[in-house]
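J.: To start, I am sharing the structure in question, which I have written as structure tokens.
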Amino acid sequence: MAQPEITFRHGSCSASVFENEYNRGKDSFNVRTVSFQRSYRDKQGEWHRSSSLRVNDIPKAILVLNKAYEYLTSNGNTDVEEESES
């Protein structure tokens, strides 16, 4: 599995930024994606990952996703599409 470029964590929530290279014909380009997950332990003490959130996880998820968004948009990245306001 590829290693993330950077991971933002808060409590049990994390958002990891990955950079993937794609080829289309003779052209190649990189696209960054964000993977979100929540970690938890089961009754046997084993770690698991989930994308489901409990109510107290929502602020943590917002925080790590905002940090990932800031990271992706603050470094002059060209793969970020901006929505036009209507």
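We label chains A, B, ... in the order they appear in the structure tokens, count residues from 1 in each chain, and number ligands from 1 in the order shown.
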At a cut-off of 9 Å, using only C-alpha atoms, what residues contact range 60-77 of chain A? Leave out same-chain residues fewer than 4 positions from it and give the result as a PDB file with N, CA and C atoms, in the first residue's frame.
T.:
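Okay, this is what ended up in part_24.pdb:
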ATOM      1  N   ILE A   6       1.070  13.038   3.777  1.00  0.00           N
ATOM      2  CA  ILE A   6       0.931  13.624   5.108  1.00  0.00           C
ATOM      3  C   ILE A   6      -0.371  13.108   5.705  1.00  0.00           C
ATOM      4  N   THR A   7      -0.415  12.987   7.029  1.00  0.00           N
ATOM      5  CA  THR A   7      -1.626  12.566   7.736  1.00  0.00           C
ATOM      6  C   THR A   7      -1.918  13.552   8.845  1.00  0.00           C
ATOM      7  N   PHE A   8      -3.188  13.949   8.950  1.00  0.00           N
ATOM      8  CA  PHE A   8      -3.648  14.831  10.019  1.00  0.00           C
ATOM      9  C   PHE A   8      -4.506  13.995  10.958  1.00  0.00           C
ATOM     10  N   ARG A   9      -4.228  14.092  12.280  1.00  0.00           N
ATOM     11  CA  ARG A   9      -4.950  13.299  13.271  1.00  0.00           C
ATOM     12  C   ARG A   9      -5.509  14.189  14.370  1.00  0.00           C
ATOM     13  N   HIS A  10      -6.666  13.801  14.847  1.00  0.00           N
ATOM     14  CA  HIS A  10      -7.243  14.405  16.048  1.00  0.00           C
ATOM     15  C   HIS A  10      -8.096  13.331  16.701  1.00  0.00           C
ATOM     16  N   GLY A  11      -7.677  12.912  17.882  1.00  0.00           N
ATOM     17  CA  GLY A  11      -8.388  11.829  18.552  1.00  0.00           C
ATOM     18  C   GLY A  11      -8.371  10.587  17.693  1.00  0.00           C
ATOM     19  N   SER A  12      -9.527  10.000  17.484  1.00  0.00           N
ATOM     20  CA  SER A  12      -9.626   8.758  16.724  1.00  0.00           C
ATOM     21  C   SER A  12      -9.764   8.986  15.221  1.00  0.00           C
ATOM     22  N   CYS A  13      -9.835  10.246  14.784  1.00  0.00           N
ATOM     23  CA  CYS A  13     -10.052  10.565  13.369  1.00  0.00           C
ATOM     24  C   CYS A  13      -8.753  10.964  12.679  1.00  0.00           C
ATOM     25  N   SER A  14      -8.630  10.556  11.419  1.00  0.00           N
ATOM     26  CA  SER A  14      -7.461  10.952  10.636  1.00  0.00           C
ATOM     27  C   SER A  14      -7.840  11.152   9.176  1.00  0.00           C
ATOM     28  N   ALA A  15      -7.104  12.053   8.541  1.00  0.00           N
ATOM     29  CA  ALA A  15      -7.244  12.309   7.107  1.00  0.00           C
ATOM     30  C   ALA A  15      -5.846  12.267   6.507  1.00  0.00           C
ATOM     31  N   SER A  16      -5.650  11.406   5.527  1.00  0.00           N
ATOM     32  CA  SER A  16      -4.347  11.228   4.882  1.00  0.00           C
ATOM     33  C   SER A  16      -4.413  11.695   3.439  1.00  0.00           C
ATOM     34  N   VAL A  17      -3.367  12.408   3.019  1.00  0.00           N
ATOM     35  CA  VAL A  17      -3.270  12.899   1.646  1.00  0.00           C
ATOM     36  C   VAL A  17      -2.343  11.963   0.874  1.00  0.00           C
ATOM     37  N   ARG A  32      -3.953  14.365  -6.251  1.00  0.00           N
ATOM     38  CA  ARG A  32      -3.948  14.123  -4.808  1.00  0.00           C
ATOM     39  C   ARG A  32      -5.365  13.783  -4.361  1.00  0.00           C
ATOM     40  N   VAL A  34      -7.740  12.439  -0.690  1.00  0.00           N
ATOM     41  CA  VAL A  34      -7.768  12.408   0.773  1.00  0.00           C
ATOM     42  C   VAL A  34      -8.555  11.186   1.211  1.00  0.00           C
ATOM     43  N   PHE A  36     -10.198   9.381   4.551  1.00  0.00           N
ATOM     44  CA  PHE A  36     -10.622   9.646   5.932  1.00  0.00           C
ATOM     45  C   PHE A  36     -10.941   8.327   6.623  1.00  0.00           C
ATOM     46  N   GLN A  37     -10.608   8.267   7.916  1.00  0.00           N
ATOM     47  CA  GLN A  37     -10.989   7.093   8.689  1.00  0.00           C
ATOM     48  C   GLN A  37     -11.058   7.415  10.176  1.00  0.00           C
ATOM     49  N   ARG A  38     -11.808   6.579  10.879  1.00  0.00           N
ATOM     50  CA  ARG A  38     -11.875   6.642  12.339  1.00  0.00           C
ATOM     51  C   ARG A  38     -11.369   5.305  12.859  1.00  0.00           C
ATOM     52  N   LEU A  53     -19.158   7.541  11.777  1.00  0.00           N
ATOM     53  CA  LEU A  53     -18.844   8.476  12.858  1.00  0.00           C
ATOM     54  C   LEU A  53     -19.888   8.425  13.963  1.00  0.00           C
ATOM     55  N   ASN A  56     -19.737  12.514  18.637  1.00  0.00           N
ATOM     56  CA  ASN A  56     -18.561  13.226  19.155  1.00  0.00           C
ATOM     57  C   ASN A  56     -17.380  13.207  18.190  1.00  0.00           C
TER      58      ASN A  56
END
J.: Which residues in chain A does DSSP call strand (DSSP E)? List them as a ChimeraX atom specification.
T.: /A:6-10,13-24,27-41,47-50
